[in-house]
Structure formats: structure tokens, C-alpha cells
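One structure is given below, encoded as C-alpha cells.
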Amino acid sequence: MSTVGLRIVSDSRKQGFARDPLKVCLVLKDRGWILDKMATRLTEHLPNWNVEAEIAYSPLPTVDVNHWMLYSDLEGKLYSKNTLAITHVDRPAKLHVLKQRLKKVDMGICMSRMTLEELVLCGIPREKLCFISPAHDGEMTPRRIVIGVTTQIRPDGAKREDVLIKMAHTIRLNAFHFEIVGPRWEKVIPHLEAAGATVGYWPGAYGEDNSEHLRVVHERLLTFDYYLYMGWDEGSMGTLDALAAGIPTIITPQGFHLDINDGITHAFEDSADLCRILQNIVDGRQKRVDSVSELTWDKYAQFHALAWSALRNDPVNKNINVLLHEQDSYRTPLPEFSWRDIAGNDWRVYARSPRKVIWEDFSLLFEWYSGTRLHQTQWYRFAKMVKHRLVGRK
């Protein structure tokens with residue numbers, strides 16, 4: 001790509017596209033499920049980047065780019081520029097067909113940098129490939145983190161509820177829901193709620209019907225994300241139940257807590273420690289939320305628009321992948337892999353379901369070399385009819 005062309009597209013990434021609208025056809029033969037959703041989202045958001053897009057069964061001669069949503073669908077006469085969406089290529093037959101199809105089109109768009117590198121290792125020229133990470137709908141929001149307590153408050157303050165009150169006066173608890181099982185928490189709960197927490201309170205039947213109280217404890221305990229115990233009095237029996245249920249603990253480092261190997265997930269002694277632990281839990285969750293905050297359908301559409309615009313401006317397109325990801329930094333390195341690793345993965349696919357995979361490979365190769373889908377041939381329909389009759393006789 002020329003320096004001028006690169007500058008034009010880089011500016012458009014920041015300011016929008018100033019040229020005439022780019023016309024794109026998203027070719028999708030089978031509507032439904034995930035590819036249909038991805039194509040639909042593209043048509044919804046591409047106009048934001050000066051791209052007019054439509055979904056069609058066959059490529060259109062009147063557009064600037066025909067983008068094939070499924071690389072195995074490529075067939076017939078091609079018009080203008082053509083790109084392929086590339087998902088996993090996990091078998092030799094798929095790789096062979098993809099290689100042949102990439103010889104006919106301008107570029108393949110992978111879903112990940114790992115797939116791109118594997119395909120380069122398999123002999124596909126790097127300049128024929130780029131990658132664009134998939135997006136999500138943005139409809140999921142994190143629920144409150146459930147902190148569970150299964151103890152009663154004692155008159156002598158041995159359960160150290162004051163630690164919880166001091167913590168509630170120090171940090172906001174909007175991200176938390178407290179499930180409290182046990183009596184005499186009425187004076188503590190308002191402090192938690194004032195700090196933004198929600199509270200489920202189950203006084204239970206302690207001292208009146210202990211078996212019923214224990215049933216409630218076990219029932220509510222299974223809803224906890226973390227088990228909390230603040231006392232400094234040898235240890236909490238509820239800790240044992242929580243660990244048996246696989247629930248992480250936020251407990252004091254004392255008594256028999258210290259004798260349980262790996263039993264203390266988060267240790268604390270005072271309210272400052274507890275504030276730090278809860279804040280770290282919230283921050284860790286926020287990192288997970290932030291990790292996909294940029295993976296929106298609008299960004300997905302923007303990157304496709306950038307790739308197609310660059311392709312229209314420059315037929316060589318050797319810098320498109322650099323253009324898309326020149327500002328990206330990935331903290332997770334790619335694993336080292338070789339031809340042997342790729343072949344091993346292919347073999348595992350065959351080993352899991354050999355008859356089905358071999359049939360799919362045969363169908364794929366048949367379609368590529370004959371130009372006809374196997375299930376549309378007369379002999380396939382005849383074989384299926386014979387099979388049905390034979391099965392019916394049995």
C-alpha cells in the first residue's frame with residue numbers, strides 16, 4: 001500500500017470515511033444462527049462508516065466488494081473485489097479448499113491472529129490474510145457478587161460485626177449482595193444497604209429448630225460466591241461446609257482455618273484488609289468486563305470498512321493487517337506451534353467422529369471440484385431413498 005493510501009485510511013479511522021459510500025454485498029447462502037447474526041449486525045452498523053451493505057444469496061455485480069460469510073460457499077462468477085470470512089480450519093480438506101478459494105479472491109478475514117499465523121505456516125501468503133476479532137451484543141451486565149454469612153451475632157461481639165460496619169463506612173458496596181443467615185443482624189444490615197449493597201436476610205430458627213436452621217444454612221450457602229467469617233474464635237464450622245461446596249473463602253487466619261490446606265482464599269484481620277479484598281474482587285471482575293468493552297459490533301463493522309476501503313484503494317493490500325492492528329498490544333502471547341501440532345489437531349478431529357468428518361470432507365471436496373452440492377445430486381437422493389426403505393423394512 002502506498003504511503004498516501006495508508007494515510008488516507010488511517011485518517012478515516014479517526015474521522016470517518018470522506019469518499020463516496022462503499023457498496024458491499026454480504027454473501028450468505030444459508031440463513032440462520034451465528035453467521036446470519038454476524039451479517040445482520042454488519043448491515044446495521046456499516047452505514048456508520050459510510051458503507052452500504054446488504055445480504056444476498058449470490059454475489060452482486062453492482063457492488064464494490066462481495067464478502068463471502070462462509071468461505072466454503074464461494075462459487076460461480078466473481079465480481080469486483082471479493083473477501084472471505086474464515087473461521088476454524090481444522091482439517092486438511094478445509095485447508096485445501098481454502099487455499100484454492102484464496103487464489104480466486106482478494107483477501108481472507110480470519111477471526112483471530114492465531115488462525116492467521118497457522119494459515120501462514122500452512123503456506124498461505126500473509127498478504128492475503130488479515131484478522132478481525134468477533135464482537136458481542138453488549139446485552140450482558142454483571143450481577144452483584146454474593147457474599148455469604150452463616151452465623152449469629154453474639155452479645156459479646158465475638159463475631160466482630162463491627163469490622164463489617166467499618167468496612168461499609170469506608171467503601172461503596174454497589175457491586176455486592178449479602179446473604180446473611182442467622183439471627184440478630186437487624187442493626188448491621190442498614191449500614192450495608194447505606195453503602196449500596198443489597199441484603200437477603202434469613203434469621204432462621206437457631207435455638208428453636210436447629211435441624212430446620214441447618215437446612216436453611218445449606219440451602220442459602222449454595223447461592224454464595226464467597227463465604228465470609230469475621231470472628232476470631234477458633235474458626236467457623238460454616239467454613240467447612242463452604243469449602244466442601246467449592247466456595248472461595250474470606251476468613252480470618254486463625255484457629256483451625258490455618259490447619260486446612262488451601263482453605264483460606266482471602267485472609268483478613270481488620271476492616272482495612274476486608275476493604276482491600278473486596279475492592280480487589282471488584283477490580284478483577286471489572287478487568288474481565290473491560291477486556292471485551294471494545295469488541296462491539298460497531299467496531300467490528302469499522303474494521304471491515306477499513307479493510308474494504310484499503311482494498312479498494314490499493315489492490316496489493318499487503319499492509320491491511322498492519323493498518324487494522326498497528327495500535328493494538330496483546331498481553332497474551334500466541335502459543336508456539338508447528339506443522340506437527342496442526343496435524344495433531346487434525347487427527348484428533350478425525351478420531352472423535354471419523355465417519356461424520358470423512359463424509360463432510362468428501363462433501364466439501366466434491367462441491368469444490370464439481371461445483372454442485374452433494375445433497376443436490378440425483379444419486380445422493382436415490383441413495384437416501386434406498387436407505388429409508390431398507391430401514392423401514394427393518
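Ordering of the C-alpha cells sets the chain letters (A, B, ...); residue numbers start at 1 within each chain; ligands are numbered from 1 in the order shown.
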
Mind the document's chain letters and residue numbers, and return as a PyMOL selection string the residues of range 43-287 of chain A that DSSP labels strand (DSSP E or B). chain A and resi 51-56+65-68+81-86+107-110+129-131+145-149+176-181+198-202+226-229+249-251+266-267

Between CA of Arg172 in chain A and CA of Ala197 in chain A, distance in Å (one decimal): 7.9 Å

Within 10 Å of Val216 in chain A using only C-alpha atoms, minus same-chain residues under 5 positions, as a PDB file with N, CA and C atoms, in the first residue's frame:
```
ATOM      1  N   THR A 150     -22.977 -17.046  57.585  1.00  0.00           N
ATOM      2  CA  THR A 150     -23.875 -18.029  58.217  1.00  0.00           C
ATOM      3  C   THR A 150     -23.587 -18.096  59.717  1.00  0.00           C
ATOM      4  N   VAL A 181     -27.426 -15.475  56.978  1.00  0.00           N
ATOM      5  CA  VAL A 181     -28.252 -16.498  57.623  1.00  0.00           C
ATOM      6  C   VAL A 181     -27.876 -16.546  59.097  1.00  0.00           C
ATOM      7  N   GLY A 182     -28.818 -16.224  59.950  1.00  0.00           N
ATOM      8  CA  GLY A 182     -28.562 -16.195  61.382  1.00  0.00           C
ATOM      9  C   GLY A 182     -29.260 -15.005  62.015  1.00  0.00           C
ATOM     10  N   TRP A 202     -31.950 -14.009  56.403  1.00  0.00           N
ATOM     11  CA  TRP A 202     -32.633 -15.239  56.789  1.00  0.00           C
ATOM     12  C   TRP A 202     -32.303 -15.527  58.263  1.00  0.00           C
ATOM     13  N   PRO A 203     -33.077 -14.978  59.194  1.00  0.00           N
ATOM     14  CA  PRO A 203     -32.783 -15.197  60.622  1.00  0.00           C
ATOM     15  C   PRO A 203     -32.764 -16.670  60.997  1.00  0.00           C
ATOM     16  N   GLY A 204     -33.561 -17.475  60.303  1.00  0.00           N
ATOM     17  CA  GLY A 204     -33.578 -18.899  60.577  1.00  0.00           C
ATOM     18  C   GLY A 204     -34.286 -19.244  61.873  1.00  0.00           C
ATOM     19  N   ALA A 205     -34.026 -20.431  62.341  1.00  0.00           N
ATOM     20  CA  ALA A 205     -34.703 -20.914  63.552  1.00  0.00           C
ATOM     21  C   ALA A 205     -33.685 -21.408  64.556  1.00  0.00           C
ATOM     22  N   ASN A 210     -33.152 -26.442  65.365  1.00  0.00           N
ATOM     23  CA  ASN A 210     -31.799 -26.403  64.797  1.00  0.00           C
ATOM     24  C   ASN A 210     -31.683 -27.169  63.487  1.00  0.00           C
ATOM     25  N   SER A 211     -32.432 -28.254  63.325  1.00  0.00           N
ATOM     26  CA  SER A 211     -32.359 -29.008  62.073  1.00  0.00           C
ATOM     27  C   SER A 211     -32.920 -28.179  60.924  1.00  0.00           C
ATOM     28  N   LEU A 221     -26.332 -21.360  51.399  1.00  0.00           N
ATOM     29  CA  LEU A 221     -24.892 -21.420  51.161  1.00  0.00           C
ATOM     30  C   LEU A 221     -24.569 -21.715  49.702  1.00  0.00           C
TER      31      LEU A 221
END
```

Close residues, Ile247 in chain A itself excluded, 6 Å, only C-alpha atoms, min 4 positions apart in chain, as a list in words: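 With the cut-off at 6 Å, the set is Tyr226, Ala242 and Leu243 of chain A.
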
Could those selected residues go to a file with N, CA and C atoms, as a PDB file, in the first residue's frame?
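What ended up in again01.pdb:
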```pdb
ATOM      1  N   TYR A 226     -18.817 -16.050  47.672  1.00  0.00           N
ATOM      2  CA  TYR A 226     -17.745 -16.067  48.667  1.00  0.00           C
ATOM      3  C   TYR A 226     -18.370 -16.294  50.044  1.00  0.00           C
ATOM      4  N   ALA A 242     -18.637 -24.494  53.352  1.00  0.00           N
ATOM      5  CA  ALA A 242     -18.362 -23.674  52.169  1.00  0.00           C
ATOM      6  C   ALA A 242     -17.281 -24.309  51.308  1.00  0.00           C
ATOM      7  N   LEU A 243     -16.207 -24.752  51.948  1.00  0.00           N
ATOM      8  CA  LEU A 243     -15.127 -25.386  51.181  1.00  0.00           C
ATOM      9  C   LEU A 243     -15.592 -26.690  50.546  1.00  0.00           C
TER      10      LEU A 243
END
```

Which residues of range 25-117 of chain A come within 12 Å of range 298-314 of chain A, and for each one, what is the closest pair of atoms and their distance in Å to one decimal, counting only C-alpha atoms, sorted by chain and residue number, as JSON lines?
```
{"residue": "A:Cys25", "atom": "CA", "partner": "A:Trp308", "partner_atom": "CA", "distance": 11.5}
{"residue": "A:Leu26", "atom": "CA", "partner": "A:His304", "partner_atom": "CA", "distance": 11.5}
{"residue": "A:Met38", "atom": "CA", "partner": "A:Tyr300", "partner_atom": "CA", "distance": 9.5}
{"residue": "A:Ala39", "atom": "CA", "partner": "A:Ala301", "partner_atom": "CA", "distance": 9.9}
{"residue": "A:Thr40", "atom": "CA", "partner": "A:Ala301", "partner_atom": "CA", "distance": 10.8}
{"residue": "A:Arg41", "atom": "CA", "partner": "A:Ala301", "partner_atom": "CA", "distance": 8.1}
{"residue": "A:Leu42", "atom": "CA", "partner": "A:Ala301", "partner_atom": "CA", "distance": 5.5}
{"residue": "A:Thr43", "atom": "CA", "partner": "A:Ala301", "partner_atom": "CA", "distance": 8.3}
{"residue": "A:Glu44", "atom": "CA", "partner": "A:Asp298", "partner_atom": "CA", "distance": 8.6}
{"residue": "A:His45", "atom": "CA", "partner": "A:Asp298", "partner_atom": "CA", "distance": 5.4}
{"residue": "A:Leu46", "atom": "CA", "partner": "A:Ala301", "partner_atom": "CA", "distance": 5.2}
{"residue": "A:Pro47", "atom": "CA", "partner": "A:Ala301", "partner_atom": "CA", "distance": 8.8}
{"residue": "A:Asn48", "atom": "CA", "partner": "A:Asp298", "partner_atom": "CA", "distance": 7.8}
{"residue": "A:Trp49", "atom": "CA", "partner": "A:Gln302", "partner_atom": "CA", "distance": 6.1}
{"residue": "A:Asn50", "atom": "CA", "partner": "A:Ala305", "partner_atom": "CA", "distance": 8.0}
{"residue": "A:Val51", "atom": "CA", "partner": "A:Ala305", "partner_atom": "CA", "distance": 6.8}
{"residue": "A:Glu52", "atom": "CA", "partner": "A:Ala305", "partner_atom": "CA", "distance": 10.0}
{"residue": "A:Ala53", "atom": "CA", "partner": "A:Ala305", "partner_atom": "CA", "distance": 10.3}
{"residue": "A:Val63", "atom": "CA", "partner": "A:Arg312", "partner_atom": "CA", "distance": 11.3}
{"residue": "A:Asp64", "atom": "CA", "partner": "A:Arg312", "partner_atom": "CA", "distance": 7.5}
{"residue": "A:Val65", "atom": "CA", "partner": "A:Trp308", "partner_atom": "CA", "distance": 7.1}
{"residue": "A:Asn66", "atom": "CA", "partner": "A:Trp308", "partner_atom": "CA", "distance": 9.8}
{"residue": "A:His67", "atom": "CA", "partner": "A:Trp308", "partner_atom": "CA", "distance": 9.3}
{"residue": "A:Ser80", "atom": "CA", "partner": "A:Arg312", "partner_atom": "CA", "distance": 9.4}
{"residue": "A:Lys81", "atom": "CA", "partner": "A:Arg312", "partner_atom": "CA", "distance": 7.5}
{"residue": "A:Asn82", "atom": "CA", "partner": "A:Trp308", "partner_atom": "CA", "distance": 9.3}
{"residue": "A:Thr83", "atom": "CA", "partner": "A:Trp308", "partner_atom": "CA", "distance": 8.5}
{"residue": "A:Leu84", "atom": "CA", "partner": "A:His304", "partner_atom": "CA", "distance": 11.4}
{"residue": "A:Ala85", "atom": "CA", "partner": "A:His304", "partner_atom": "CA", "distance": 10.5}
{"residue": "A:Val105", "atom": "CA", "partner": "A:Leu311", "partner_atom": "CA", "distance": 11.5}
{"residue": "A:Asp106", "atom": "CA", "partner": "A:Leu311", "partner_atom": "CA", "distance": 8.1}
{"residue": "A:Met107", "atom": "CA", "partner": "A:Leu311", "partner_atom": "CA", "distance": 8.6}
{"residue": "A:Gly108", "atom": "CA", "partner": "A:Ala307", "partner_atom": "CA", "distance": 10.5}
{"residue": "A:Ile109", "atom": "CA", "partner": "A:His304", "partner_atom": "CA", "distance": 8.8}
{"residue": "A:Cys110", "atom": "CA", "partner": "A:His304", "partner_atom": "CA", "distance": 11.3}
{"residue": "A:Met111", "atom": "CA", "partner": "A:Tyr300", "partner_atom": "CA", "distance": 10.7}
```

Same residues, C-alpha atoms, saved as a compact mmCIF listing (two decimals), in the first residue's frame:
```
# COMPACT_ATOMS: atom_id res chain seq x y z
CA CYS A 25 -22.75 -7.46 -0.58
CA LEU A 26 -22.59 -9.98 2.26
CA MET A 38 -22.96 -11.53 12.20
CA ALA A 39 -24.10 -10.49 8.73
CA THR A 40 -27.15 -8.75 10.16
CA ARG A 41 -25.07 -6.84 12.70
CA LEU A 42 -22.72 -5.73 9.93
CA THR A 43 -25.58 -4.36 7.84
CA GLU A 44 -26.84 -2.49 10.92
CA HIS A 45 -23.52 -0.82 11.74
CA LEU A 46 -21.66 -0.45 8.43
CA PRO A 47 -23.65 2.70 7.47
CA ASN A 48 -21.91 4.40 10.43
CA TRP A 49 -18.69 4.01 8.42
CA ASN A 50 -20.03 5.11 5.05
CA VAL A 51 -20.69 1.58 3.79
CA GLU A 52 -23.93 0.49 2.16
CA ALA A 53 -24.38 -3.23 2.80
CA VAL A 63 -21.11 -3.52 -5.55
CA ASP A 64 -17.52 -2.64 -4.74
CA VAL A 65 -16.94 -5.72 -2.56
CA ASN A 66 -18.60 -9.11 -2.27
CA HIS A 67 -17.85 -10.54 1.15
CA SER A 80 -15.37 -6.66 -8.32
CA LYS A 81 -13.36 -7.25 -5.11
CA ASN A 82 -14.01 -10.39 -3.08
CA THR A 83 -13.18 -11.27 0.51
CA LEU A 84 -13.78 -14.41 2.56
CA ALA A 85 -14.68 -14.77 6.22
CA VAL A 105 -10.32 -13.76 -4.11
CA ASP A 106 -8.51 -10.69 -2.84
CA MET A 107 -8.33 -11.38 0.87
CA GLY A 108 -9.37 -13.70 3.68
CA ILE A 109 -10.56 -12.23 7.00
CA CYS A 110 -9.77 -14.51 9.96
CA MET A 111 -11.37 -14.31 13.40
```

May I ask for the distance between CA of Leu173 in chain A and CA of Glu193 in chain A, given in Å to one decimal place? 8.2 Å

Helix (DSSP H, G or I) positions in range 48-267 of chain A, given as a ChimeraX atom specification: /A:48-49,71-73,92-102,113-121,126-128,161-168,189-194,210-221,237-244,255-259

Serialized selection, C-alpha atoms, as a PDB file, in the first residue's frame:
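Saved as result-v6.pdb:
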```
ATOM      1  CA  ASN A  48     -21.908   4.404  10.427  1.00  0.00           C
ATOM      2  CA  TRP A  49     -18.686   4.006   8.416  1.00  0.00           C
ATOM      3  CA  TYR A  71     -15.555 -19.411   2.695  1.00  0.00           C
ATOM      4  CA  SER A  72     -16.828 -22.791   1.518  1.00  0.00           C
ATOM      5  CA  ASP A  73     -19.746 -21.062  -0.235  1.00  0.00           C
ATOM      6  CA  PRO A  92      -6.693 -30.947   5.559  1.00  0.00           C
ATOM      7  CA  ALA A  93      -9.736 -30.906   3.268  1.00  0.00           C
ATOM      8  CA  LYS A  94     -10.816 -27.495   4.605  1.00  0.00           C
ATOM      9  CA  LEU A  95      -7.274 -26.162   4.243  1.00  0.00           C
ATOM     10  CA  HIS A  96      -7.045 -27.411   0.671  1.00  0.00           C
ATOM     11  CA  VAL A  97     -10.357 -25.834  -0.333  1.00  0.00           C
ATOM     12  CA  LEU A  98      -9.493 -22.581   1.443  1.00  0.00           C
ATOM     13  CA  LYS A  99      -6.147 -22.368  -0.369  1.00  0.00           C
ATOM     14  CA  GLN A 100      -7.865 -22.839  -3.723  1.00  0.00           C
ATOM     15  CA  ARG A 101     -10.507 -20.251  -2.943  1.00  0.00           C
ATOM     16  CA  LEU A 102      -7.994 -17.674  -1.721  1.00  0.00           C
ATOM     17  CA  ARG A 113      -4.355 -13.743  14.966  1.00  0.00           C
ATOM     18  CA  MET A 114      -3.713 -17.394  15.871  1.00  0.00           C
ATOM     19  CA  THR A 115      -5.684 -18.671  12.873  1.00  0.00           C
ATOM     20  CA  LEU A 116      -3.868 -16.172  10.659  1.00  0.00           C
ATOM     21  CA  GLU A 117      -0.450 -17.397  11.827  1.00  0.00           C
ATOM     22  CA  GLU A 118      -1.446 -21.053  11.439  1.00  0.00           C
ATOM     23  CA  LEU A 119      -2.607 -20.432   7.873  1.00  0.00           C
ATOM     24  CA  VAL A 120       0.640 -18.605   7.061  1.00  0.00           C
ATOM     25  CA  LEU A 121       2.547 -21.587   8.459  1.00  0.00           C
ATOM     26  CA  ARG A 126       0.475 -13.353   4.666  1.00  0.00           C
ATOM     27  CA  GLU A 127      -0.643 -10.507   2.390  1.00  0.00           C
ATOM     28  CA  LYS A 128      -3.781 -12.491   1.544  1.00  0.00           C
ATOM     29  CA  GLU A 161     -19.644  -7.430  63.169  1.00  0.00           C
ATOM     30  CA  ASP A 162     -18.014  -4.054  63.823  1.00  0.00           C
ATOM     31  CA  VAL A 163     -15.448  -4.945  61.148  1.00  0.00           C
ATOM     32  CA  LEU A 164     -18.258  -5.231  58.621  1.00  0.00           C
ATOM     33  CA  ILE A 165     -19.786  -1.916  59.737  1.00  0.00           C
ATOM     34  CA  LYS A 166     -16.442  -0.074  59.473  1.00  0.00           C
ATOM     35  CA  MET A 167     -15.909  -1.556  56.016  1.00  0.00           C
ATOM     36  CA  ALA A 168     -19.374  -0.343  54.927  1.00  0.00           C
ATOM     37  CA  ILE A 189     -27.989  -4.505  57.694  1.00  0.00           C
ATOM     38  CA  PRO A 190     -28.837  -0.764  57.376  1.00  0.00           C
ATOM     39  CA  HIS A 191     -25.107   0.049  57.236  1.00  0.00           C
ATOM     40  CA  LEU A 192     -24.595  -2.365  54.323  1.00  0.00           C
ATOM     41  CA  GLU A 193     -27.601  -1.007  52.461  1.00  0.00           C
ATOM     42  CA  ALA A 194     -26.490   2.595  53.022  1.00  0.00           C
ATOM     43  CA  ASN A 210     -31.799 -26.403  64.797  1.00  0.00           C
ATOM     44  CA  SER A 211     -32.359 -29.008  62.073  1.00  0.00           C
ATOM     45  CA  GLU A 212     -34.545 -26.554  60.154  1.00  0.00           C
ATOM     46  CA  HIS A 213     -31.991 -23.801  60.698  1.00  0.00           C
ATOM     47  CA  LEU A 214     -29.236 -26.027  59.322  1.00  0.00           C
ATOM     48  CA  ARG A 215     -31.376 -26.815  56.298  1.00  0.00           C
ATOM     49  CA  VAL A 216     -31.742 -23.081  55.555  1.00  0.00           C
ATOM     50  CA  VAL A 217     -27.981 -22.587  56.011  1.00  0.00           C
ATOM     51  CA  HIS A 218     -27.164 -25.316  53.496  1.00  0.00           C
ATOM     52  CA  GLU A 219     -29.789 -24.077  51.042  1.00  0.00           C
ATOM     53  CA  ARG A 220     -28.564 -20.464  51.070  1.00  0.00           C
ATOM     54  CA  LEU A 221     -24.892 -21.420  51.161  1.00  0.00           C
ATOM     55  CA  MET A 237     -17.821 -24.563  61.123  1.00  0.00           C
ATOM     56  CA  GLY A 238     -19.533 -22.918  58.151  1.00  0.00           C
ATOM     57  CA  THR A 239     -16.091 -22.633  56.563  1.00  0.00           C
ATOM     58  CA  LEU A 240     -16.012 -26.417  56.265  1.00  0.00           C
ATOM     59  CA  ASP A 241     -19.377 -26.507  54.501  1.00  0.00           C
ATOM     60  CA  ALA A 242     -18.362 -23.674  52.169  1.00  0.00           C
ATOM     61  CA  LEU A 243     -15.127 -25.386  51.181  1.00  0.00           C
ATOM     62  CA  ALA A 244     -16.946 -28.688  50.706  1.00  0.00           C
ATOM     63  CA  GLY A 255      -7.776 -21.386  64.708  1.00  0.00           C
ATOM     64  CA  PHE A 256      -8.428 -24.440  62.592  1.00  0.00           C
ATOM     65  CA  HIS A 257      -8.680 -22.229  59.498  1.00  0.00           C
ATOM     66  CA  LEU A 258      -4.872 -22.429  59.468  1.00  0.00           C
ATOM     67  CA  ASP A 259      -4.951 -26.236  59.513  1.00  0.00           C
TER      68      ASP A 259
END
```
